[in-house]
Amino acid sequence: MTKVNKLEKTRKMEYNFRDVEKKWQHHWQEHKTYRVFIDHEKPKYYVLDMFPYPSGAGLHVGHPLGYIGSDIYARYKRQKGYNVLHPMGYDAYGLPAEQYAIQTGQHPAITTEKNIKRYREQLDKIGFSFDWDREVQTCDPSYYKWTQWTFIQLFDHYYNRKTQKAEPISELEKVFARSGNVDVDAACGHITPFTAVEWLKMNEKQRREVLMQYRLAYLADTYVNWCPKLGTVLANDEVKEGFSVRGGHPVERKKMQQWFLRITAYAERLLEGLEHIQWSESLKEIQKNWIGRSEGATIFFPLKDRAESIEVFTTRPDTIFGATFMVLAPEHELVEQLTTDQYRNAVQKYMKMAGTRSDRERMAEVKNVTGQFLGGYAVHPFTGKDIPVYIADYVLAGYGTGAIMAVPGHDSRDHAFAKHFNLPVVEVVKGGDLSEGSYDDKEGTMVNSGFMDGMDVPGAIRTVTRQLEEKGTGKAQVNFRLRDAIFSRQRYWGEPFPVYYKDNIPYVLPESKLPLELPPVDKYLPTETGEPPLARAKNWQTDDGYPLECNTMPGFAGSSAYYIRYMDPKNNNRLASKEAVTYWENVDLYVGGAEHATGHLIYARFWNKFLFDIGVTVKDEPFQKLINQGMIQGRSNFVYRVKGSNRFVSLNLKDKYDNTPIHVDVNIVDNDVLDIEAFRKWNPEYADADFILEDGKYICGWEVEKMSKSFHNVVNPDDLIEKYGADTLRLYEMFLGPIEQAKPWDTKGIEGVFRFIRKLWRLYHNRDNVFEISHEPASPKEKKILHKCIKKVSEDIERFSFNTAVSAFMVCVNELTDAACRKRDILEPLSVMIAPFAPHIAEELWHLLGHKASVALADFPVWNQDLVTDETTIYPVSFNGKTRFKLEMPADSNRDDVEKAALAAPEAQKWLAGKQPKKVIVVPGKIVNVVI
RNA sequence: GCGGAUGUGGCGUAAUUGGUAGCCGCGCCAGACUUAGGAUCUGGUGCCGAAAGGCGUGGGGGUUCGAAUCCCUUCAUCCGCACCA
C-alpha cells in the first residue's frame, strides 16, 4: 500500500475534526444557537471579553486565550441554567488605521472593515458561543450616536459634592439665580464667588464661561507636546529628547485648548468602589496608586509686598517651620510676577530649557538637580520671615497646586535642592541625622516649631491644621494624583464632538441631530495652519452655519460604555432600554489584559458611575469580577551562522565557532530540530546554506521573547486549527497553565491534547470507527471515575482553573479507556461536561447519542458525593516527618485504630528499631506521623 | 526609588485549608505491532546510589510532630508606576 493510501485509511479510522467542526460551526450560525433574549424565568449572567482593536496583522495565538477562558465559563453557566449574555464586537477607532490612511489615502473605514472581516473569520473558526446579533463597532454611527449622547450629558451635568452625584447644569443655574455660587459645593475649576444679583447681571457669554468651570465635560487650556512639522500633538512616549520619535522633528510644549472630562470629581467613589468588586488585589493596588489619594493641607503663603499668595498642598503641614524656601513649577502663573529684573534673563533661559523637555524626561532625570531663583519672596505665615521662591523641574504643574513649600530637613528632594543651592536646612522633627540627608519618617518629636514643640507628628498635624483654619491661611485637604482626562484628539479617525461654536462659545447639538457623522476629507493630515483633519471637511458646520468642533474623541470614548450597548444594541431611542439594563445589570465576569489597568478600566468605571447617577445604568460598578489573562510570550528559535560564511552550526557545537545567532521562523522548527529543507526555502539567502550537525540533526537554540513578527516567533491559530482542529487548540491554550499567568507559547505540547481528543472519540467508537455504545448500567467503579471528574471539573471551572480541568478530563478518559467502558450512563454526561472546552466534538457525540437539541443547552451533570467517597483511606505513615510506608484503613476508622494499626504494621518495626514512640500524630483521613 | 507578582524535574505545570512533592502533558529511554513510521499501543523516567538508603520546591535561617505552602532574611527574573509635595 502506498503511503498516501495508508494515511487516508488512518484518517478514516479516526476522528475527522475538519468536517465535524465545520458542520457544527455552520449549524450554530444557521440556528443562532447562542442568541439570547431577556428571560425573566432564568437568572442572568453576563460574560464579557475586552473587545479587540482589529489590527491588520490578525490574531495570533495569544489573543484568543482570554476569549477561550471566558467562552468556557459562559458555556458552563449556560449549562448550569443561566441566561448568558456573551457578546463580541470591535474597538474600531484607532491610530494604525489612520496612519495607514495618511500613507495610502485609503479611508480608514475601508481598512477597518477589511480587518474586522478577517478577525471574524479567525474568531469563527475557534467555535466561540458569541451572540453575534449583538455585535457593536465603535465606528458605526448607530453606535457612536450614544457615545456622543453621553458626551452631551457630561456637558450638561456637574458634580454636586453635597449629594455625591452628578446633577443637571439647569439645576445649578437655578441655584445661581437664587443664591449665587457661595453655597454650592461642586467639583469645579477656579471660580470666584458671586451672588445671585451678580449672576443675573451676567450676559450669556459670561454665564457660559462660569458654567464651563462646573461641567463634567469642559474646555480648558493645557500644555501638550506639539510637533509643528507633523502638525499634531504627540503622546509622551512619542517624544524623545525633544524630538518626535516618528520623523525626528522638533517638539515644543504648546498651550492648547482641549476638552476634558472631570474624572477627578469621582476620585473618592472610584477608590471606594474598589472595595465592592472582585478584582485581583494587584490590579486594585494599581488603581489605588493611580488615583493616589493623600491627606494633608493647603496653605497660603502671602507674597512679600503683594496682594497675591502662593497656594501649596502638603502632606506634612507639621513641618511648616522647616520650610526655608518655596518652589513653583515653571508653568506656574505667579512666576512672572515673582521674577525680579535682576533674574529675568536667567528665569527665561531656565523656562526655555524646561519647555523643551517632556514630562517624561523631566521625571527620568531624578538625580539632576536644576532650578532657578526668581528674585521674589513669600512670607512665612507663622514666623513672618521672608522665604525665597524658586522654579524647578521637580515640581509638576499638574499635581497639587503646582507649588510646594520646601522642607529640606524632611523631604529628600527638597534636601537635594537645598544642598545644590546652598539653602538652609532646619530640623523640626527629631529622629534623623540631617547631615546625612533628610529625615522623612513621620515619627519623632517636634522641635524649632513654636507652638508645636514637643508634640508628636500626628498631634502636630492636627494642631497646625486647626491653627491655619483659624487664621484663614489654610485648611485640611484631600488631594488626588488622578487628573482630569484630556478628551480631545487632533485626529480624523474618531468620534466627532456634537459641539458647535457660536461667538466662540461652545454649544452642544440637540439630541435630534445625532449622530453627527464623521465627514469625508480629502487628506487625513492636519491642515497647513495646524487645524485638525476635520477642518478639511466641506461644510463642517451646523445648518445655521455655525462651525463644528474639529477635534475628535480619544479611543477610550467608544470603549467606556460598550458593555451597556450590548444589552440592547439595536435600540434607536436609548443607549439601552430600562428593561434591558434592569435585567442584565452589569458584567458578572470581565476578561482582558492587565495593560488596561489604568486606562480603560478607570475610564469605564468613571463613565459608568456617571451613567448610574443619571439613571441610565442600575449598578454603580460596571465589572463585578475581573480576570486578567496572562500575556502569551513567544518562544523564539535561533540558528547560529559561522561568521563570514553561509554555514550554520548546531546548538551544542556553536561555541567552537565564532558565530552570530539569527532568529529563525519557529514554524519550520519542530522540537528545536530545524527542518533544513524548509530553512533553505525560507529565505533565498540560505538556499545554499550548509550545516554542521549533531547526531545527524540541526538543533536550534531558544529564548522567551515577546511574540512579534520581527522575532519570527508568531504562531497563527489558523494554522493550528487546520492541523489539529479548534477543539484541540482550545484545550491546549487552557492546558498551558493558569489563565492569569504569563507563559511562553510552545506548540510542541499540542500533540498531547490532540491525542486526548482522539482517545475521547474512540471511547464512543469501535475499531472500525463506527459509533457504538452499550446500554448496560455502569459499574460503581465506572461511576466513581465519572463523578470524580464531574466534581473536579465543576470546582475547577468555578475557580477559573481551566488547566487542571483539562488534566482531569485526561485522567477520566484514560481511566475509562483502561476500564474499557463504553456505557451510555457514563459517556453521555461526559460529552456534556466537555462541551464548554471542546464544543465541536461534544456536539457531534451528543447528537450521535441521539439528541436533537444542542449540547450547549444540556444540563451540566451534578456529582453525587457518595459515589466519589472512597471506602478506604490510604494513610502515609511517616517517622519524624519522613514517609516510610502506606497503610490502608477503612474510611471510618477512628484515631486509635489507625494508630494501633500503624504501629503494629510489619514495616513499622524496622523504623521504630525497638524504641518507644514519643508521640503519634494521627490526622483522620490524612496522615500518620510517628515521632521517635 | 516605590508597588505588584513569580521562582518546583530537561520543558509547561500539579499539590484548593500546613499533612504522601512532582498529577496531567511534552520530551527522553526501552519494548510491541510494522517492509517502514513523524501512526498506534505498553512500560519506564526528580537527582545521587549497585543496593540499602540519602538528597530534593532559588539560597540561608526560623515556627511546627510535619513547610512548596506560614514568618524573617537574601538572591534572581518579569510586570506596573515613577521627582505626587
# chains A, B, ... in the order shown; residues from 1 in each chain; ligands from 1
$ closest_atom_pairs --of "chain B" --to "chain A" --cutoff "9 Å" --atoms "only C-alpha atoms (C1' of nucleotides)" --output "Markdown table"
| residue | atom | partner | partner_atom | distance |
| --- | --- | --- | --- | --- |
| B:G3 | C1' | A:Ile286 | CA | 7.9 |
| B:G4 | C1' | A:Ser282 | CA | 5.5 |
| B:A5 | C1' | A:Ser282 | CA | 8.0 |
| B:G12 | C1' | A:Leu736 | CA | 6.0 |
| B:U13 | C1' | A:Gly737 | CA | 6.3 |
| B:A14 | C1' | A:Thr804 | CA | 7.6 |
| B:G19 | C1' | A:Ile927 | CA | 6.0 |
| B:U20 | C1' | A:Pro876 | CA | 5.5 |
| B:C23 | C1' | A:Ser807 | CA | 8.2 |
| B:C24 | C1' | A:Ser807 | CA | 4.8 |
| B:G25 | C1' | A:Gly752 | CA | 5.8 |
| B:C26 | C1' | A:Gly749 | CA | 4.7 |
| B:G27 | C1' | A:Asn671 | CA | 8.3 |
| B:A39 | C1' | A:Thr10 | CA | 7.7 |
| B:C65 | C1' | A:Val931 | CA | 6.3 |
| B:G66 | C1' | A:Gly881 | CA | 5.4 |
| B:G80 | C1' | A:Ile286 | CA | 7.4 |
| B:C81 | C1' | A:Ile286 | CA | 7.9 |
| B:A82 | C1' | A:Met363 | CA | 7.5 |
| B:C83 | C1' | A:Tyr394 | CA | 5.1 |
| B:C84 | C1' | A:Arg481 | CA | 6.3 |
| B:A85 | C1' | A:Thr314 | CA | 5.5 |
$ residues_around --residues "stretch 51-56 of chain B" --least-positions-apart "6" --cutoff "12 Å" --atoms "only C-alpha atoms (C1' of nucleotides)" --output "list in words"
Arg884 of chain A; U8, G9, A21, G22 and A68 of chain B
$ select_by_dssp --residues "stretch 484-652 of chain A" --states "alpha helix (DSSP H)" --output "JSON, numbers by chain"
{"A": [555, 556, 557, 558, 559, 562, 563, 564, 565, 578, 579, 580, 581, 582, 583, 584, 600, 601, 602, 603, 604, 605, 606, 607, 608, 609, 610, 611, 612, 613]}
$ closest_residue --among "A:Ser710, A:Phe837, A:Asn225, A:Asp185" --to "A:Met734" --atoms "only C-alpha atoms"
A:Phe837
$ closest_residue --among "B:C72, B:A67, B:C48, B:C78" --to "B:G18" --atoms "only C-alpha atoms (C1' of nucleotides)"
B:A67
$ residues_around --residues "A:Lys706" --least-positions-apart "6" --cutoff "9 Å" --atoms "only C-alpha atoms (C1' of nucleotides)" --output "PyMOL selection string"
chain A and resi 632-636+713+744
$ write_last_selection --atoms "N, CA, C and O atoms" --output "compact mmCIF listing (two decimals), in the first residue's frame"
# COMPACT_ATOMS: atom_id res chain seq x y z
N ILE A 632 0.68 35.85 26.50
CA ILE A 632 1.39 34.72 25.93
C ILE A 632 2.63 35.25 25.24
O ILE A 632 2.55 36.10 24.35
N GLN A 633 3.76 34.80 25.72
CA GLN A 633 5.01 35.26 25.12
C GLN A 633 5.39 34.32 23.98
O GLN A 633 4.87 33.21 23.87
N GLY A 634 6.31 34.77 23.19
CA GLY A 634 6.79 33.93 22.10
C GLY A 634 7.97 33.09 22.56
O GLY A 634 8.65 33.43 23.52
N ARG A 635 8.17 31.98 21.89
CA ARG A 635 9.36 31.18 22.16
C ARG A 635 10.13 31.20 20.84
O ARG A 635 9.75 30.56 19.86
N SER A 636 11.20 31.98 20.83
CA SER A 636 11.96 32.17 19.60
C SER A 636 12.97 31.05 19.43
O SER A 636 13.49 30.53 20.40
N ASN A 713 8.56 34.52 15.69
CA ASN A 713 8.04 33.53 16.64
C ASN A 713 6.51 33.59 16.75
O ASN A 713 5.94 33.11 17.71
N PRO A 744 5.18 31.29 28.00
CA PRO A 744 5.60 31.24 26.60
C PRO A 744 4.79 30.21 25.83
O PRO A 744 4.41 29.18 26.37
$ residues_around --residues "A:Thr817" --least-positions-apart "2" --cutoff "9 Å" --atoms "only C-alpha atoms (C1' of nucleotides)" --output "list in words"
Lys759, Leu760, Arg762, Leu763, Cys812, Val813, Asn814, Glu815, Ala819, Ala820, Cys821 and Arg822 of chain A
$ decode --residues "stretch 703-733 of chain A" --atoms "C-alpha atoms" --output "short mmCIF file (atom, residue, chain, number, x, y, z; two decimals), in the first residue's frame"
data_model
loop_
_atom_site.label_atom_id
_atom_site.label_comp_id
_atom_site.auth_asym_id
_atom_site.auth_seq_id
_atom_site.Cartn_x
_atom_site.Cartn_y
_atom_site.Cartn_z
CA GLU A 703 14.64 32.05 24.17
CA VAL A 704 11.40 33.51 25.50
CA GLU A 705 10.61 36.89 23.97
CA LYS A 706 7.62 38.99 23.08
CA MET A 707 5.53 37.39 20.34
CA SER A 708 6.37 39.52 17.34
CA LYS A 709 6.83 39.29 13.61
CA SER A 710 10.37 40.61 13.86
CA PHE A 711 11.38 37.68 16.08
CA HIS A 712 9.78 35.16 13.71
CA ASN A 713 8.04 33.53 16.64
CA VAL A 714 4.42 34.32 15.79
CA VAL A 715 2.15 31.30 15.77
CA ASN A 716 -1.11 31.69 13.90
CA PRO A 717 -4.20 29.96 15.29
CA ASP A 718 -5.50 29.28 11.76
CA ASP A 719 -2.54 27.01 11.02
CA LEU A 720 -3.03 25.07 14.21
CA ILE A 721 -6.75 24.70 13.62
CA GLU A 722 -6.05 23.40 10.13
CA LYS A 723 -3.65 20.83 11.54
CA TYR A 724 -5.30 19.85 14.82
CA GLY A 725 -8.75 21.43 14.93
CA ALA A 726 -10.33 24.13 17.07
CA ASP A 727 -11.16 21.85 20.00
CA THR A 728 -7.51 20.86 20.28
CA LEU A 729 -6.42 24.49 20.10
CA ARG A 730 -8.93 25.48 22.79
CA LEU A 731 -7.88 22.68 25.08
CA TYR A 732 -4.21 23.30 24.55
CA GLU A 733 -4.43 27.02 25.24
#
